[in-house]
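K.L.:
There's a structure below that I have some questions on.
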Amino acid sequence: MGVQQEAGVGGEALEVWIDQDLCTGDGICAQYAPEVFELDIDGLAYVKSPDDELLQDKGATTPVPLPLLTDVVDSARECPGDCIHVRRVADRVEVYGPDAE
């Protein structure tokens, strides 16, 4: 199994997390990037680990794979709940999502 290259601005690794308190359960994220997002039985979206495990801990993050960067960013932009946050791993600065500058 090869190492999956992570996305980043200028080669910096990015991670994504979902604020379930704001999630509306529309599932747009899971449509854009089903490899990264999934709706659980509670009707809310969660991120998945690189091993396809649903991460249900509050604030759980997962790496953004480089081939899926556009899909993850589109998910954050189209999310009606504004609950998807993409940030740099190195300094935890949000680069896409409601808190991006």
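Letters A, B, ... mark the chains of the structure tokens in the order given; residue numbers begin at 1 per chain; ligand numbers begin at 1, in order shown.
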Residues at most 10 Å from Arg88 (chain A), counting only C-alpha atoms, excluding those fewer than 3 positions away in the same chain, as a PyMOL selection string?

P.N.:
chain A and resi 7-9+12-16+63-64+91-96

K.L.:
Enumerate as a list in words all residues of chain A assigned to strand (DSSP E or B) by DSSP on the backbone, naming them with the chain letters and numbers the document uses.

P.N.:
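Written out, the strand (DSSP E or B) residues of chain A are Glu6, Leu14, Glu15, Val16, Trp17, Ile18, Phe37, Glu38, Leu39, Ala45, Tyr46, Val47, Lys48, Leu54, Leu55, Thr61, Thr62, Pro63, Pro65, Ile84, His85, Val86, Arg87, Arg88, Glu94, Val95 and Tyr96 of chain A.
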
K.L.:
Just asking: which residues within region 38-80 of chain A are helix (DSSP H, G or I) according to DSSP, as a list in words?

P.N.:
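Put together, the selection reads Leu66, Pro67, Leu68, Leu69, Thr70, Asp71, Val72, Val73, Asp74, Ser75, Ala76, Arg77 and Glu78 of chain A.
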
K.L.:
Could you write out that same residue set with N, CA and C atoms as a CSV table (one decimal), in the first residue's frame?

P.N.:
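So the final result, stored in again-v1.csv, reads:
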chain,number,residue,atom,x,y,z
A,66,LEU,N,-4.3,14.9,-1.9
A,66,LEU,CA,-4.1,15.8,-3.0
A,66,LEU,C,-5.1,15.6,-4.2
A,67,PRO,N,-5.4,14.4,-4.6
A,67,PRO,CA,-6.3,14.2,-5.8
A,67,PRO,C,-7.8,14.7,-5.4
A,68,LEU,N,-8.1,14.8,-4.1
A,68,LEU,CA,-9.4,15.2,-3.7
A,68,LEU,C,-9.5,16.6,-3.2
A,69,LEU,N,-8.5,17.4,-3.3
A,69,LEU,CA,-8.5,18.8,-2.8
A,69,LEU,C,-9.6,19.6,-3.4
A,70,THR,N,-9.8,19.6,-4.7
A,70,THR,CA,-10.9,20.3,-5.3
A,70,THR,C,-12.2,19.9,-4.8
A,71,ASP,N,-12.5,18.6,-4.7
A,71,ASP,CA,-13.8,18.1,-4.2
A,71,ASP,C,-14.0,18.5,-2.7
A,72,VAL,N,-13.0,18.5,-1.9
A,72,VAL,CA,-13.1,18.9,-0.5
A,72,VAL,C,-13.4,20.4,-0.4
A,73,VAL,N,-12.7,21.2,-1.2
A,73,VAL,CA,-12.9,22.6,-1.2
A,73,VAL,C,-14.3,23.0,-1.7
A,74,ASP,N,-14.7,22.3,-2.7
A,74,ASP,CA,-16.1,22.5,-3.2
A,74,ASP,C,-17.1,22.1,-2.2
A,75,SER,N,-16.9,21.1,-1.4
A,75,SER,CA,-17.8,20.7,-0.3
A,75,SER,C,-17.9,21.8,0.7
A,76,ALA,N,-16.7,22.4,1.1
A,76,ALA,CA,-16.7,23.4,2.1
A,76,ALA,C,-17.5,24.7,1.5
A,77,ARG,N,-17.3,25.0,0.3
A,77,ARG,CA,-17.9,26.2,-0.3
A,77,ARG,C,-19.4,26.0,-0.5
A,78,GLU,N,-19.9,24.8,-0.8
A,78,GLU,CA,-21.3,24.5,-1.1
A,78,GLU,C,-22.1,24.1,0.1

K.L.:
Please, what distance in Å, to one decimal, runs between CA of Gly59 (chain A) and CA of Asp21 (chain A)?

P.N.:
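If I compute the distance from CA of Gly59 (chain A) to CA of Asp21 (chain A), I get 10.5 Å.
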
K.L.:
Skip Val47 (chain A) itself and residues of its chain fewer than 2 positions away, then list as an mmCIF file with all heavy atoms, in the first residue's frame all residues within 12 Å of it, counting only C-alpha atoms.

P.N.:
data_model
loop_
_atom_site.group_PDB
_atom_site.id
_atom_site.type_symbol
_atom_site.label_atom_id
_atom_site.label_comp_id
_atom_site.auth_asym_id
_atom_site.auth_seq_id
_atom_site.Cartn_x
_atom_site.Cartn_y
_atom_site.Cartn_z
ATOM 1 N N GLU A 15 -5.688 19.397 6.441
ATOM 2 C CA GLU A 15 -6.616 18.470 7.077
ATOM 3 C C GLU A 15 -7.994 19.106 7.078
ATOM 4 O O GLU A 15 -8.132 20.317 6.936
ATOM 5 C CB GLU A 15 -6.173 18.124 8.498
ATOM 6 C CG GLU A 15 -6.122 19.312 9.440
ATOM 7 C CD GLU A 15 -5.504 18.992 10.789
ATOM 8 O OE1 GLU A 15 -5.021 17.863 10.992
ATOM 9 O OE2 GLU A 15 -5.496 19.893 11.650
ATOM 10 N N VAL A 16 -9.018 18.271 7.224
ATOM 11 C CA VAL A 16 -10.403 18.757 7.203
ATOM 12 C C VAL A 16 -11.146 18.195 8.405
ATOM 13 O O VAL A 16 -10.861 17.089 8.863
ATOM 14 C CB VAL A 16 -11.109 18.373 5.871
ATOM 15 C CG1 VAL A 16 -11.152 16.875 5.665
ATOM 16 C CG2 VAL A 16 -12.494 18.990 5.776
ATOM 17 N N TRP A 17 -12.077 18.995 8.920
ATOM 18 C CA TRP A 17 -12.945 18.542 9.998
ATOM 19 C C TRP A 17 -14.320 19.164 9.821
ATOM 20 O O TRP A 17 -14.471 20.147 9.088
ATOM 21 C CB TRP A 17 -12.361 18.857 11.373
ATOM 22 C CG TRP A 17 -12.254 20.313 11.722
ATOM 23 C CD1 TRP A 17 -11.287 21.184 11.299
ATOM 24 C CD2 TRP A 17 -13.126 21.070 12.563
ATOM 25 N NE1 TRP A 17 -11.511 22.428 11.831
ATOM 26 C CE2 TRP A 17 -12.627 22.397 12.622
ATOM 27 C CE3 TRP A 17 -14.278 20.757 13.277
ATOM 28 C CZ2 TRP A 17 -13.256 23.396 13.355
ATOM 29 C CZ3 TRP A 17 -14.889 21.759 14.021
ATOM 30 C CH2 TRP A 17 -14.371 23.060 14.051
ATOM 31 N N ILE A 18 -15.312 18.574 10.467
ATOM 32 C CA ILE A 18 -16.696 19.034 10.362
ATOM 33 C C ILE A 18 -17.215 19.389 11.756
ATOM 34 O O ILE A 18 -17.030 18.621 12.700
ATOM 35 C CB ILE A 18 -17.605 17.947 9.740
ATOM 36 C CG1 ILE A 18 -17.191 17.665 8.303
ATOM 37 C CG2 ILE A 18 -19.079 18.365 9.805
ATOM 38 C CD1 ILE A 18 -17.972 16.532 7.649
ATOM 39 N N ASP A 19 -17.875 20.531 11.848
ATOM 40 C CA ASP A 19 -18.546 20.926 13.084
ATOM 41 C C ASP A 19 -19.972 20.370 13.035
ATOM 42 O O ASP A 19 -20.841 20.935 12.375
ATOM 43 C CB ASP A 19 -18.556 22.452 13.203
ATOM 44 C CG ASP A 19 -19.167 22.932 14.505
ATOM 45 O OD1 ASP A 19 -19.842 22.134 15.198
ATOM 46 O OD2 ASP A 19 -18.991 24.124 14.833
ATOM 47 N N GLN A 20 -20.193 19.237 13.696
ATOM 48 C CA GLN A 20 -21.498 18.584 13.639
ATOM 49 C C GLN A 20 -22.614 19.443 14.249
ATOM 50 O O GLN A 20 -23.782 19.260 13.917
ATOM 51 C CB GLN A 20 -21.471 17.209 14.332
ATOM 52 C CG GLN A 20 -20.921 16.112 13.454
ATOM 53 C CD GLN A 20 -19.407 16.119 13.386
ATOM 54 O OE1 GLN A 20 -18.736 16.560 14.306
ATOM 55 N NE2 GLN A 20 -18.858 15.616 12.289
ATOM 56 N N GLY A 27 -25.788 16.302 2.988
ATOM 57 C CA GLY A 27 -25.004 15.277 2.308
ATOM 58 C C GLY A 27 -24.266 15.747 1.077
ATOM 59 O O GLY A 27 -23.738 14.925 0.319
ATOM 60 N N CYS A 29 -21.449 17.213 0.933
ATOM 61 C CA CYS A 29 -20.033 16.851 1.071
ATOM 62 C C CYS A 29 -19.790 15.403 0.661
ATOM 63 O O CYS A 29 -18.818 15.100 -0.032
ATOM 64 C CB CYS A 29 -19.545 17.104 2.491
ATOM 65 S SG CYS A 29 -20.483 16.231 3.773
ATOM 66 N N ALA A 30 -20.685 14.512 1.076
ATOM 67 C CA ALA A 30 -20.535 13.091 0.739
ATOM 68 C C ALA A 30 -20.725 12.843 -0.754
ATOM 69 O O ALA A 30 -20.180 11.893 -1.310
ATOM 70 C CB ALA A 30 -21.513 12.252 1.552
ATOM 71 N N ALA A 33 -17.182 14.325 -2.205
ATOM 72 C CA ALA A 33 -15.980 13.570 -1.824
ATOM 73 C C ALA A 33 -16.345 12.420 -0.887
ATOM 74 O O ALA A 33 -16.070 12.462 0.315
ATOM 75 C CB ALA A 33 -14.973 14.510 -1.161
ATOM 76 N N PRO A 34 -16.957 11.360 -1.434
ATOM 77 C CA PRO A 34 -17.366 10.234 -0.584
ATOM 78 C C PRO A 34 -16.179 9.502 0.053
ATOM 79 O O PRO A 34 -16.357 8.769 1.021
ATOM 80 C CB PRO A 34 -18.139 9.324 -1.551
ATOM 81 C CG PRO A 34 -17.672 9.704 -2.919
ATOM 82 C CD PRO A 34 -17.323 11.168 -2.838
ATOM 83 N N GLU A 35 -14.975 9.721 -0.486
ATOM 84 C CA GLU A 35 -13.784 9.105 0.107
ATOM 85 C C GLU A 35 -13.407 9.785 1.422
ATOM 86 O O GLU A 35 -12.679 9.219 2.236
ATOM 87 C CB GLU A 35 -12.581 9.189 -0.848
ATOM 88 C CG GLU A 35 -12.829 8.589 -2.216
ATOM 89 C CD GLU A 35 -13.441 9.563 -3.226
ATOM 90 O OE1 GLU A 35 -13.908 10.650 -2.819
ATOM 91 O OE2 GLU A 35 -13.449 9.243 -4.417
ATOM 92 N N VAL A 36 -13.895 11.033 1.630
ATOM 93 C CA VAL A 36 -13.513 11.829 2.790
ATOM 94 C C VAL A 36 -14.673 12.021 3.763
ATOM 95 O O VAL A 36 -14.474 12.052 4.970
ATOM 96 C CB VAL A 36 -12.969 13.210 2.336
ATOM 97 C CG1 VAL A 36 -12.639 14.106 3.523
ATOM 98 C CG2 VAL A 36 -11.752 13.040 1.437
ATOM 99 N N PHE A 37 -15.904 12.145 3.236
ATOM 100 C CA PHE A 37 -17.073 12.454 4.061
ATOM 101 C C PHE A 37 -18.120 11.343 3.968
ATOM 102 O O PHE A 37 -18.264 10.708 2.937
ATOM 103 C CB PHE A 37 -17.738 13.758 3.584
ATOM 104 C CG PHE A 37 -16.810 14.933 3.522
ATOM 105 C CD1 PHE A 37 -16.378 15.434 2.301
ATOM 106 C CD2 PHE A 37 -16.374 15.568 4.677
ATOM 107 C CE1 PHE A 37 -15.541 16.530 2.224
ATOM 108 C CE2 PHE A 37 -15.529 16.666 4.621
ATOM 109 C CZ PHE A 37 -15.115 17.153 3.389
ATOM 110 N N GLU A 38 -18.857 11.171 5.063
ATOM 111 C CA GLU A 38 -19.940 10.185 5.064
ATOM 112 C C GLU A 38 -21.017 10.629 6.054
ATOM 113 O O GLU A 38 -20.706 11.162 7.122
ATOM 114 C CB GLU A 38 -19.391 8.822 5.483
ATOM 115 C CG GLU A 38 -20.406 7.710 5.445
ATOM 116 C CD GLU A 38 -19.783 6.363 5.773
ATOM 117 O OE1 GLU A 38 -18.683 6.072 5.278
ATOM 118 O OE2 GLU A 38 -20.406 5.613 6.537
ATOM 119 N N LEU A 39 -22.278 10.387 5.680
ATOM 120 C CA LEU A 39 -23.377 10.628 6.610
ATOM 121 C C LEU A 39 -23.534 9.397 7.493
ATOM 122 O O LEU A 39 -23.527 8.269 7.003
ATOM 123 C CB LEU A 39 -24.686 10.885 5.861
ATOM 124 C CG LEU A 39 -24.790 12.196 5.090
ATOM 125 C CD1 LEU A 39 -26.132 12.284 4.385
ATOM 126 C CD2 LEU A 39 -24.601 13.391 5.998
ATOM 127 N N ASP A 40 -23.697 9.632 8.794
ATOM 128 C CA ASP A 40 -23.887 8.529 9.730
ATOM 129 C C ASP A 40 -25.385 8.323 9.967
ATOM 130 O O ASP A 40 -26.218 9.084 9.465
ATOM 131 C CB ASP A 40 -23.165 8.837 11.047
ATOM 132 C CG ASP A 40 -22.937 7.594 11.893
ATOM 133 O OD1 ASP A 40 -23.080 6.473 11.368
ATOM 134 O OD2 ASP A 40 -22.621 7.742 13.091
ATOM 135 N N LEU A 44 -25.935 13.151 10.344
ATOM 136 C CA LEU A 44 -24.897 14.184 10.265
ATOM 137 C C LEU A 44 -23.683 13.656 9.512
ATOM 138 O O LEU A 44 -23.439 12.453 9.449
ATOM 139 C CB LEU A 44 -24.484 14.617 11.675
ATOM 140 C CG LEU A 44 -25.603 15.182 12.558
ATOM 141 C CD1 LEU A 44 -25.057 15.528 13.937
ATOM 142 C CD2 LEU A 44 -26.261 16.388 11.905
ATOM 143 N N ALA A 45 -22.925 14.593 8.947
ATOM 144 C CA ALA A 45 -21.729 14.231 8.189
ATOM 145 C C ALA A 45 -20.513 14.164 9.105
ATOM 146 O O ALA A 45 -20.394 14.942 10.064
ATOM 147 C CB ALA A 45 -21.482 15.249 7.078
ATOM 148 N N SER A 49 -11.239 8.423 8.088
ATOM 149 C CA SER A 49 -9.788 8.253 8.115
ATOM 150 C C SER A 49 -9.313 7.739 6.760
ATOM 151 O O SER A 49 -10.121 7.273 5.946
ATOM 152 C CB SER A 49 -9.392 7.255 9.203
ATOM 153 O OG SER A 49 -9.708 5.934 8.783
ATOM 154 N N PRO A 50 -8.008 7.813 6.504
ATOM 155 C CA PRO A 50 -7.488 7.240 5.252
ATOM 156 C C PRO A 50 -7.806 5.745 5.113
ATOM 157 O O PRO A 50 -7.802 5.210 4.014
ATOM 158 C CB PRO A 50 -5.978 7.480 5.346
ATOM 159 C CG PRO A 50 -5.857 8.689 6.233
ATOM 160 C CD PRO A 50 -6.978 8.539 7.246
ATOM 161 N N ASP A 51 -8.117 5.080 6.230
ATOM 162 C CA ASP A 51 -8.490 3.657 6.212
ATOM 163 C C ASP A 51 -9.993 3.455 6.092
ATOM 164 O O ASP A 51 -10.503 2.364 6.338
ATOM 165 C CB ASP A 51 -7.997 2.962 7.488
ATOM 166 C CG ASP A 51 -6.489 2.982 7.609
ATOM 167 O OD1 ASP A 51 -5.801 2.969 6.571
ATOM 168 O OD2 ASP A 51 -5.993 3.017 8.754
ATOM 169 N N ASP A 52 -10.742 4.539 5.762
ATOM 170 C CA ASP A 52 -12.188 4.479 5.529
ATOM 171 C C ASP A 52 -12.993 4.281 6.814
ATOM 172 O O ASP A 52 -14.120 3.829 6.791
ATOM 173 C CB ASP A 52 -12.527 3.382 4.514
ATOM 174 C CG ASP A 52 -13.823 3.683 3.755
ATOM 175 O OD1 ASP A 52 -14.065 4.859 3.447
ATOM 176 O OD2 ASP A 52 -14.588 2.743 3.492
ATOM 177 N N GLU A 53 -12.403 4.634 7.971
ATOM 178 C CA GLU A 53 -13.102 4.530 9.249
ATOM 179 C C GLU A 53 -13.789 5.858 9.555
ATOM 180 O O GLU A 53 -13.184 6.924 9.435
ATOM 181 C CB GLU A 53 -12.091 4.200 10.361
ATOM 182 C CG GLU A 53 -12.693 4.150 11.739
ATOM 183 C CD GLU A 53 -11.630 4.014 12.825
ATOM 184 O OE1 GLU A 53 -10.464 3.757 12.514
ATOM 185 O OE2 GLU A 53 -11.997 4.192 13.995
ATOM 186 N N LEU A 54 -15.057 5.803 9.947
ATOM 187 C CA LEU A 54 -15.804 7.001 10.307
ATOM 188 C C LEU A 54 -15.247 7.559 11.617
ATOM 189 O O LEU A 54 -15.149 6.847 12.604
ATOM 190 C CB LEU A 54 -17.290 6.647 10.466
ATOM 191 C CG LEU A 54 -18.287 7.780 10.315
ATOM 192 C CD1 LEU A 54 -18.213 8.376 8.916
ATOM 193 C CD2 LEU A 54 -19.691 7.272 10.583
ATOM 194 N N LEU A 55 -14.884 8.843 11.611
ATOM 195 C CA LEU A 55 -14.304 9.477 12.792
ATOM 196 C C LEU A 55 -15.375 10.330 13.468
ATOM 197 O O LEU A 55 -15.720 11.398 12.993
ATOM 198 C CB LEU A 55 -13.099 10.339 12.390
ATOM 199 C CG LEU A 55 -11.995 9.597 11.635
ATOM 200 C CD1 LEU A 55 -10.899 10.559 11.205
ATOM 201 C CD2 LEU A 55 -11.425 8.466 12.486
ATOM 202 N N GLN A 56 -15.905 9.839 14.581
ATOM 203 C CA GLN A 56 -17.045 10.485 15.218
ATOM 204 C C GLN A 56 -16.686 11.342 16.420
ATOM 205 O O GLN A 56 -17.567 11.963 17.001
ATOM 206 C CB GLN A 56 -18.080 9.433 15.619
ATOM 207 C CG GLN A 56 -18.673 8.746 14.414
ATOM 208 C CD GLN A 56 -19.612 7.633 14.799
ATOM 209 O OE1 GLN A 56 -19.207 6.650 15.394
ATOM 210 N NE2 GLN A 56 -20.871 7.793 14.475
ATOM 211 N N ASP A 57 -15.414 11.404 16.797
ATOM 212 C CA ASP A 57 -15.026 12.266 17.903
ATOM 213 C C ASP A 57 -15.195 13.719 17.497
ATOM 214 O O ASP A 57 -14.924 14.092 16.352
ATOM 215 C CB ASP A 57 -13.572 12.015 18.304
ATOM 216 C CG ASP A 57 -13.364 10.636 18.932
ATOM 217 O OD1 ASP A 57 -14.358 10.044 19.399
ATOM 218 O OD2 ASP A 57 -12.213 10.171 18.944
ATOM 219 N N LYS A 58 -15.629 14.559 18.432
ATOM 220 C CA LYS A 58 -15.835 15.972 18.151
ATOM 221 C C LYS A 58 -14.512 16.602 17.708
ATOM 222 O O LYS A 58 -13.488 16.442 18.355
ATOM 223 C CB LYS A 58 -16.359 16.676 19.406
ATOM 224 C CG LYS A 58 -16.800 18.098 19.163
ATOM 225 C CD LYS A 58 -17.573 18.618 20.355
ATOM 226 C CE LYS A 58 -18.081 20.017 20.143
ATOM 227 N NZ LYS A 58 -19.120 20.123 19.142
ATOM 228 N N GLY A 59 -14.530 17.280 16.573
ATOM 229 C CA GLY A 59 -13.332 17.935 16.062
ATOM 230 C C GLY A 59 -12.332 17.014 15.398
ATOM 231 O O GLY A 59 -11.213 17.422 15.102
ATOM 232 N N ALA A 60 -12.721 15.764 15.139
ATOM 233 C CA ALA A 60 -11.810 14.811 14.490
ATOM 234 C C ALA A 60 -11.417 15.330 13.105
ATOM 235 O O ALA A 60 -12.245 15.860 12.375
ATOM 236 C CB ALA A 60 -12.472 13.444 14.371
ATOM 237 N N THR A 61 -10.142 15.191 12.787
ATOM 238 C CA THR A 61 -9.642 15.649 11.494
ATOM 239 C C THR A 61 -9.133 14.470 10.681
ATOM 240 O O THR A 61 -8.821 13.412 11.223
ATOM 241 C CB THR A 61 -8.481 16.650 11.663
ATOM 242 O OG1 THR A 61 -7.371 15.979 12.285
ATOM 243 C CG2 THR A 61 -8.891 17.847 12.498
ATOM 244 N N THR A 62 -9.061 14.684 9.371
ATOM 245 C CA THR A 62 -8.477 13.690 8.476
ATOM 246 C C THR A 62 -7.661 14.427 7.431
ATOM 247 O O THR A 62 -7.984 15.572 7.076
ATOM 248 C CB THR A 62 -9.575 12.805 7.838
ATOM 249 O OG1 THR A 62 -8.966 11.620 7.301
ATOM 250 C CG2 THR A 62 -10.342 13.522 6.756
ATOM 251 N N PRO A 63 -6.581 13.814 6.937
ATOM 252 C CA PRO A 63 -5.780 14.468 5.894
ATOM 253 C C PRO A 63 -6.595 14.650 4.615
ATOM 254 O O PRO A 63 -7.477 13.840 4.312
ATOM 255 C CB PRO A 63 -4.628 13.495 5.648
ATOM 256 C CG PRO A 63 -4.628 12.552 6.799
ATOM 257 C CD PRO A 63 -6.022 12.522 7.341
ATOM 258 N N VAL A 64 -6.286 15.714 3.891
ATOM 259 C CA VAL A 64 -6.920 15.955 2.590
ATOM 260 C C VAL A 64 -5.997 15.382 1.515
ATOM 261 O O VAL A 64 -4.917 15.913 1.293
ATOM 262 C CB VAL A 64 -7.159 17.457 2.337
ATOM 263 C CG1 VAL A 64 -7.767 17.667 0.956
ATOM 264 C CG2 VAL A 64 -8.051 18.059 3.416
ATOM 265 N N VAL A 72 -12.965 18.476 -1.918
ATOM 266 C CA VAL A 72 -13.107 18.872 -0.510
ATOM 267 C C VAL A 72 -13.381 20.370 -0.403
ATOM 268 O O VAL A 72 -14.240 20.808 0.360
ATOM 269 C CB VAL A 72 -11.864 18.456 0.299
ATOM 270 C CG1 VAL A 72 -11.889 19.057 1.697
ATOM 271 C CG2 VAL A 72 -11.762 16.931 0.372
ATOM 272 N N SER A 75 -16.873 21.074 -1.431
ATOM 273 C CA SER A 75 -17.762 20.681 -0.338
ATOM 274 C C SER A 75 -17.868 21.792 0.693
ATOM 275 O O SER A 75 -18.966 22.132 1.147
ATOM 276 C CB SER A 75 -17.241 19.411 0.346
ATOM 277 O OG SER A 75 -17.223 18.330 -0.535
ATOM 278 N N CYS A 83 -20.127 24.252 7.805
ATOM 279 C CA CYS A 83 -19.540 23.503 8.920
ATOM 280 C C CYS A 83 -18.268 22.744 8.555
ATOM 281 O O CYS A 83 -17.713 22.043 9.396
ATOM 282 C CB CYS A 83 -20.577 22.544 9.497
ATOM 283 S SG CYS A 83 -21.079 21.224 8.369
ATOM 284 N N ILE A 84 -17.796 22.880 7.307
ATOM 285 C CA ILE A 84 -16.606 22.145 6.873
ATOM 286 C C ILE A 84 -15.408 23.080 6.921
ATOM 287 O O ILE A 84 -15.423 24.156 6.325
ATOM 288 C CB ILE A 84 -16.798 21.563 5.466
ATOM 289 C CG1 ILE A 84 -17.981 20.591 5.465
ATOM 290 C CG2 ILE A 84 -15.511 20.879 4.985
ATOM 291 C CD1 ILE A 84 -18.362 20.083 4.096
ATOM 292 N N HIS A 85 -14.374 22.660 7.641
ATOM 293 C CA HIS A 85 -13.188 23.478 7.862
ATOM 294 C C HIS A 85 -11.954 22.759 7.310
ATOM 295 O O HIS A 85 -11.688 21.621 7.693
ATOM 296 C CB HIS A 85 -12.995 23.729 9.358
ATOM 297 C CG HIS A 85 -14.185 24.376 10.009
ATOM 298 N ND1 HIS A 85 -14.281 25.734 10.162
ATOM 299 C CD2 HIS A 85 -15.324 23.848 10.530
ATOM 300 C CE1 HIS A 85 -15.433 26.028 10.769
ATOM 301 N NE2 HIS A 85 -16.082 24.899 10.995
ATOM 302 N N VAL A 86 -11.221 23.434 6.427
ATOM 303 C CA VAL A 86 -9.977 22.896 5.877
ATOM 304 C C VAL A 86 -8.857 23.796 6.370
ATOM 305 O O VAL A 86 -8.895 25.012 6.174
ATOM 306 C CB VAL A 86 -9.995 22.873 4.331
ATOM 307 C CG1 VAL A 86 -8.698 22.286 3.794
ATOM 308 C CG2 VAL A 86 -11.199 22.078 3.818
#

K.L.:
For a test of reading the model, state the distance in Å between CA of Gln31 (chain A) and CA of Asp82 (chain A), rounded to one decimal.

P.N.:
15.9 Å

K.L.:
Could you tell me how far CA of Pro80 (chain A) sits from CA of Asp26 (chain A), in Å to one decimal place?

P.N.:
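Rounded to one decimal, the two atoms are 7.7 Å apart.
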
K.L.:
Between A:Ile28, A:Pro65, A:Lys48, A:Asp99, which is the closest to Cys79 (chain A) once you count only C-alpha atoms?

P.N.:
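Answer, going by the shortest atom-to-atom distance: A:Ile28.
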